[in-house]
>>> print(open('model.cif').read())   # mmCIF, C-alpha atoms
data_protein
#
loop_
_atom_site.label_atom_id
_atom_site.label_comp_id
_atom_site.auth_asym_id
_atom_site.auth_seq_id
_atom_site.Cartn_x
_atom_site.Cartn_y
_atom_site.Cartn_z
CA MET Z 30 14.90 29.77 24.34
CA THR Z 31 12.11 31.38 26.33
CA PHE Z 32 8.48 30.54 25.73
CA PRO Z 33 6.77 33.70 24.39
CA ALA Z 34 4.81 35.52 27.14
CA GLU Z 35 1.99 36.43 24.74
CA LEU Z 36 1.08 32.76 24.22
CA ASP Z 37 -1.20 30.52 26.26
CA ILE Z 38 -1.41 26.73 26.28
CA GLU Z 39 -4.80 25.09 26.80
CA LEU Z 40 -6.93 22.16 25.75
CA ALA Z 41 -8.56 22.54 22.35
CA SER Z 42 -12.32 22.27 21.96
CA ILE Z 43 -14.55 21.26 19.08
CA ASP Z 44 -14.79 24.97 18.21
CA ASP Z 45 -11.07 24.84 17.34
CA CYS Z 46 -11.47 22.02 14.83
CA ASP Z 47 -11.27 23.97 11.57
CA SER Z 48 -8.45 26.23 12.82
CA ILE Z 49 -6.43 23.17 13.78
CA ALA Z 50 -7.13 21.56 10.39
CA ARG Z 51 -5.97 24.71 8.56
CA LEU Z 52 -2.80 24.93 10.68
CA HIS Z 53 -2.13 21.23 10.06
CA ALA Z 54 -2.52 21.65 6.28
CA LYS Z 55 -0.32 24.76 6.26
CA SER Z 56 2.33 22.97 8.28
CA TRP Z 57 2.36 20.05 5.84
CA LYS Z 58 2.57 22.44 2.87
CA ASP Z 59 5.56 24.19 4.48
CA ALA Z 60 7.39 21.17 5.90
CA TYR Z 61 6.57 18.38 3.44
CA ARG Z 62 7.12 20.14 0.10
CA GLY Z 63 9.46 17.82 -1.78
CA MET Z 64 8.52 14.94 0.52
CA LEU Z 65 4.81 14.43 -0.26
CA THR Z 66 3.55 14.92 -3.81
CA ASP Z 67 2.95 18.47 -5.02
CA HIS Z 68 -0.49 17.44 -6.29
CA TYR Z 69 -1.58 16.32 -2.83
CA LEU Z 70 -0.16 19.41 -1.13
CA ASP Z 71 -1.58 21.82 -3.72
CA PHE Z 72 -5.04 20.33 -4.25
CA GLU Z 73 -5.98 17.79 -1.58
CA VAL Z 74 -4.35 18.46 1.78
CA ASP Z 75 -6.78 21.19 2.92
CA ASP Z 76 -9.92 19.10 2.43
CA ASP Z 77 -8.19 15.97 3.74
CA ARG Z 78 -7.11 17.63 7.00
CA ILE Z 79 -10.58 19.22 7.50
CA MET Z 80 -12.16 15.77 7.13
CA ILE Z 81 -9.63 14.16 9.52
CA TRP Z 82 -10.03 16.79 12.24
CA ARG Z 83 -13.81 17.01 12.03
CA ASP Z 84 -13.91 13.25 12.49
CA ARG Z 85 -11.41 13.35 15.38
CA PHE Z 86 -13.36 16.04 17.22
CA ALA Z 87 -16.77 14.49 16.49
CA LYS Z 88 -15.70 11.01 17.62
CA PRO Z 89 -12.63 11.37 19.84
CA LYS Z 90 -10.92 8.24 21.09
CA TYR Z 91 -11.11 7.81 24.86
CA ASN Z 92 -7.39 8.59 25.22
CA GLN Z 93 -7.19 11.54 22.77
CA ARG Z 94 -6.24 15.01 23.89
CA VAL Z 95 -5.52 18.04 21.70
CA ILE Z 96 -3.48 20.79 23.30
CA CYS Z 97 -3.19 24.13 21.54
CA CYS Z 98 -1.03 27.18 21.89
CA ARG Z 99 -2.81 30.49 21.34
CA ARG Z 100 -1.96 34.09 20.77
CA GLY Z 101 -5.22 35.75 21.69
CA ARG Z 102 -7.88 33.75 19.86
CA ASP Z 103 -5.51 32.46 17.16
CA ILE Z 104 -4.04 28.95 17.37
CA VAL Z 105 -0.34 29.10 16.49
CA ALA Z 106 0.59 25.52 17.42
CA PHE Z 107 -0.97 22.29 18.59
CA ALA Z 108 -0.23 18.75 19.66
CA CYS Z 109 -2.58 15.78 19.46
CA ALA Z 110 -1.72 12.89 21.74
CA PHE Z 111 -3.15 9.45 22.37
CA PHE Z 112 -2.29 8.50 25.93
CA CYS Z 113 -0.98 5.03 26.81
CA ASP Z 114 -1.33 4.10 23.14
CA ASP Z 115 1.58 1.65 22.91
CA ASP Z 116 2.60 -1.00 25.45
CA GLU Z 117 6.30 -0.46 24.81
CA TYR Z 118 6.56 3.28 24.07
CA GLY Z 119 3.61 4.81 25.95
CA THR Z 120 1.82 7.95 24.82
CA PHE Z 121 1.74 8.69 21.09
CA ILE Z 122 2.11 12.27 19.87
CA ASP Z 123 0.35 11.90 16.55
CA ASN Z 124 0.62 15.56 15.60
CA LEU Z 125 2.91 18.41 16.63
CA HIS Z 126 2.65 21.48 14.42
CA VAL Z 127 3.92 25.01 14.96
CA LEU Z 128 3.38 27.92 12.58
CA THR Z 129 6.66 28.89 10.93
CA GLU Z 130 6.87 32.29 12.63
CA PHE Z 131 6.68 30.65 16.07
CA ARG Z 132 9.35 28.02 15.51
CA SER Z 133 12.62 28.23 17.44
CA ARG Z 134 10.82 30.06 20.26
CA GLY Z 135 10.24 27.14 22.63
CA VAL Z 136 6.66 26.49 21.52
CA GLY Z 137 7.14 22.92 20.25
CA ALA Z 138 9.17 21.93 23.32
CA ALA Z 139 6.50 23.43 25.59
CA LEU Z 140 3.81 21.36 23.86
CA VAL Z 141 5.84 18.16 24.22
CA ARG Z 142 6.33 18.99 27.93
CA GLU Z 143 2.57 19.52 28.29
CA VAL Z 144 1.87 16.14 26.72
CA ILE Z 145 4.36 14.44 29.05
CA LYS Z 146 2.92 16.29 32.06
CA ALA Z 147 -0.67 15.32 31.16
CA SER Z 148 0.40 11.74 30.47
CA VAL Z 149 2.06 11.44 33.88
CA GLU Z 150 -0.73 13.21 35.79
CA THR Z 151 -3.66 11.43 34.14
CA TYR Z 152 -2.24 8.03 33.23
CA SER Z 153 0.98 7.70 35.30
CA GLU Z 154 2.77 7.25 31.97
CA SER Z 155 6.05 9.12 31.41
CA ARG Z 156 7.02 7.45 28.12
CA VAL Z 157 6.14 9.46 25.01
CA PHE Z 158 6.89 8.87 21.34
CA LEU Z 159 6.18 10.15 17.85
CA TRP Z 160 7.02 9.35 14.26
CA VAL Z 161 8.88 11.70 11.90
CA LEU Z 162 9.68 11.38 8.21
CA ALA Z 163 13.32 10.46 7.68
CA SER Z 164 13.58 13.25 5.10
CA ASN Z 165 12.34 15.91 7.58
CA GLN Z 166 15.77 16.87 8.91
CA ALA Z 167 14.57 20.08 10.58
CA ALA Z 168 12.10 18.13 12.73
CA ILE Z 169 14.68 15.42 13.48
CA ASN Z 170 17.15 18.09 14.64
CA PHE Z 171 14.46 19.59 16.89
CA TYR Z 172 13.45 16.25 18.44
CA GLU Z 173 17.07 15.34 19.12
CA ARG Z 174 17.72 18.80 20.60
CA ILE Z 175 14.90 18.28 23.13
CA GLY Z 176 16.10 14.82 24.11
CA GLY Z 177 14.30 12.48 21.72
CA GLN Z 178 16.06 9.22 20.92
CA ARG Z 179 15.64 7.45 17.58
CA VAL Z 180 14.53 3.93 18.47
CA GLU Z 181 13.00 2.43 15.33
CA GLU Z 182 12.30 2.90 11.65
CA ALA Z 183 9.34 1.85 9.52
CA PHE Z 184 7.44 2.99 6.44
CA TRP Z 185 4.45 5.33 6.25
CA THR Z 186 1.83 5.31 3.51
CA PRO Z 187 0.33 8.81 3.68
CA PRO Z 188 -2.78 10.15 1.95
CA ASP Z 189 -0.77 11.03 -1.17
CA GLY Z 190 -0.26 7.32 -1.85
CA GLY Z 191 3.51 7.29 -1.42
CA ASN Z 192 5.60 5.11 0.84
CA TYR Z 193 8.11 6.98 2.99
CA LEU Z 194 10.73 6.00 5.55
CA LYS Z 195 9.92 7.28 9.03
CA TYR Z 196 11.65 7.16 12.41
CA ARG Z 197 10.18 6.63 15.85
CA TYR Z 198 11.55 9.08 18.44
CA ALA Z 199 10.94 8.39 22.12
CA TRP Z 200 11.32 10.27 25.39
CA THR Z 201 11.14 9.11 28.97
CA GLU Z 202 11.32 12.73 30.16
CA LEU Z 203 11.98 16.18 28.72
#
>>> encode(input="model.cif", output="structure tokens")
Amino acid sequence: MTFPAELDIELASIDDCDSIARLHAKSWKDAYRGMLTDHYLDFEVDDDRIMIWRDRFAKPKYNQRVICCRRGRDIVAFACAFFCDDDEYGTFIDNLHVLTEFRSRGVGAALVREVIKASVETYSESRVFLWVLASNQAAINFYERIGGQRVEEAFWTPPDGGNYLKYRYAWTEL
């Protein structure tokens, strides 16, 4: 799979906040239907993600970096990472979202590579991890295809009030 030539990867800025929030909400609506409650996805996720991302951009943690993938001015994918966030597993990819029409084109793998590259260059940290819902088989297949190893399971209490099984996937390289 070849990364699309019309796309650019760069750091996001505060000006990208609302676009990232909208992409995040759309991604959850597409990927989490049947996992999170319909009420949350239909009526709450948009405002919730706007609030989360405005807060993240207004008061970023010292180790936060948001990397986006653009086609022209439009953001089509992004990753938010917290570098050296865990003593055992390293850098935490808290968000990795790709618009449906750009999936299976190397965009998600390119963003994970960018996070690993930035983690190594800035923090000398090559370990990277993320969490994925156990019911999100498409994402699990993708993470395993790009070398992620399932190393742990836990439960997540998301904004919809549920309690869902999740898996930690870790990489030492991509």
>>> resolve_selection(input="model.cif", expression="the PyMOL selection byres ((chain Z and resi 62-73) around 10)", output="list of chain:residue names")
Z:Ala54, Z:Lys55, Z:Ser56, Z:Trp57, Z:Lys58, Z:Asp59, Z:Ala60, Z:Tyr61, Z:Val74, Z:Asp75, Z:Asp76, Z:Asp77, Z:Arg78, Z:Leu162, Z:Ala163, Z:Ser164, Z:Asn165, Z:Pro187, Z:Pro188, Z:Asp189, Z:Gly190, Z:Gly191, Z:Asn192, Z:Tyr193
>>> closest_residue(input="model.cif", among="Z:Glu35, Z:Glu143, Z:Asp115, Z:Asp103", to="Asp47 in chain Z", atoms="only C-alpha atoms")
Z:Asp103
>>> resolve_selection(input="model.cif", expression="the PyMOL selection byres ((chain Z and resi 84-88) around 12)", output="mmCIF file with C-alpha atoms, keeping the file's coordinate frame")
data_model
loop_
_atom_site.group_PDB
_atom_site.id
_atom_site.type_symbol
_atom_site.label_atom_id
_atom_site.label_comp_id
_atom_site.auth_asym_id
_atom_site.auth_seq_id
_atom_site.Cartn_x
_atom_site.Cartn_y
_atom_site.Cartn_z
ATOM 1 C CA ALA Z 41 -8.560 22.540 22.350
ATOM 2 C CA SER Z 42 -12.320 22.270 21.960
ATOM 3 C CA ILE Z 43 -14.550 21.260 19.080
ATOM 4 C CA ASP Z 44 -14.790 24.970 18.210
ATOM 5 C CA ASP Z 45 -11.070 24.840 17.340
ATOM 6 C CA CYS Z 46 -11.470 22.020 14.830
ATOM 7 C CA ASP Z 47 -11.270 23.970 11.570
ATOM 8 C CA ILE Z 49 -6.430 23.170 13.780
ATOM 9 C CA ALA Z 50 -7.130 21.560 10.390
ATOM 10 C CA ASP Z 77 -8.190 15.970 3.740
ATOM 11 C CA ARG Z 78 -7.110 17.630 7.000
ATOM 12 C CA ILE Z 79 -10.580 19.220 7.500
ATOM 13 C CA MET Z 80 -12.160 15.770 7.130
ATOM 14 C CA ILE Z 81 -9.630 14.160 9.520
ATOM 15 C CA TRP Z 82 -10.030 16.790 12.240
ATOM 16 C CA ARG Z 83 -13.810 17.010 12.030
ATOM 17 C CA PRO Z 89 -12.630 11.370 19.840
ATOM 18 C CA LYS Z 90 -10.920 8.240 21.090
ATOM 19 C CA TYR Z 91 -11.110 7.810 24.860
ATOM 20 C CA ASN Z 92 -7.390 8.590 25.220
ATOM 21 C CA GLN Z 93 -7.190 11.540 22.770
ATOM 22 C CA ARG Z 94 -6.240 15.010 23.890
ATOM 23 C CA VAL Z 95 -5.520 18.040 21.700
ATOM 24 C CA CYS Z 109 -2.580 15.780 19.460
ATOM 25 C CA ALA Z 110 -1.720 12.890 21.740
ATOM 26 C CA PHE Z 111 -3.150 9.450 22.370
ATOM 27 C CA ASP Z 123 0.350 11.900 16.550
#
>>> residues_around(input="model.cif", residues="Val141 in chain Z", least_positions_apart="2", cutoff="10 Å", atoms="all atoms listed in the file", output="VMD selection string")
chain Z and resid 96 107 to 110 122 125 136 to 139 143 to 147 157 to 158 172 175 200 202 to 203
>>> atom_distance(input="model.cif", atom1="CA of Ala167 in chain Z", atom2="CA of Val127 in chain Z")
12.5 Å
>>> atom_distance(input="model.cif", atom1="CA of Val180 in chain Z", atom2="CA of Tyr196 in chain Z")
7.4 Å
>>> closest_residue(input="model.cif", among="Z:Ile38, Z:Val161, Z:Cys98, Z:Ala106", to="Trp185 in chain Z", atoms="all atoms listed in the file")
Z:Val161
>>> closest_residue(input="model.cif", among="Z:Asn124, Z:Phe131, Z:Arg197, Z:Phe32", to="Glu173 in chain Z", atoms="all atoms listed in the file")
Z:Arg197
>>> closest_residue(input="model.cif", among="Z:Ile169, Z:Phe121, Z:Leu36, Z:Gly177", to="Lys195 in chain Z", atoms="all atoms listed in the file")
Z:Ile169
>>> residues_around(input="model.cif", residues="Cys113 in chain Z", least_positions_apart="5", cutoff="7 Å", atoms="all atoms listed in the file", output="list in words")
Gly119, Thr120 and Glu154 of chain Z
>>> atom_distance(input="model.cif", atom1="CA of Tyr118 in chain Z", atom2="CA of Gly135 in chain Z")
24.2 Å
>>> axis_aligned_box(input="model.cif", around="range 142-149 of chain Z", padding_each_side="4 Å", output="AutoDock Vina command-line options")
--center_x 2.8 --center_y 15.5 --center_z 30.3 --size_x 15.0 --size_y 16.1 --size_z 15.2
>>> closest_residue(input="model.cif", among="Z:Ala34, Z:Val149, Z:Leu140, Z:Leu128", to="Phe112 in chain Z", atoms="all atoms listed in the file")
Z:Val149
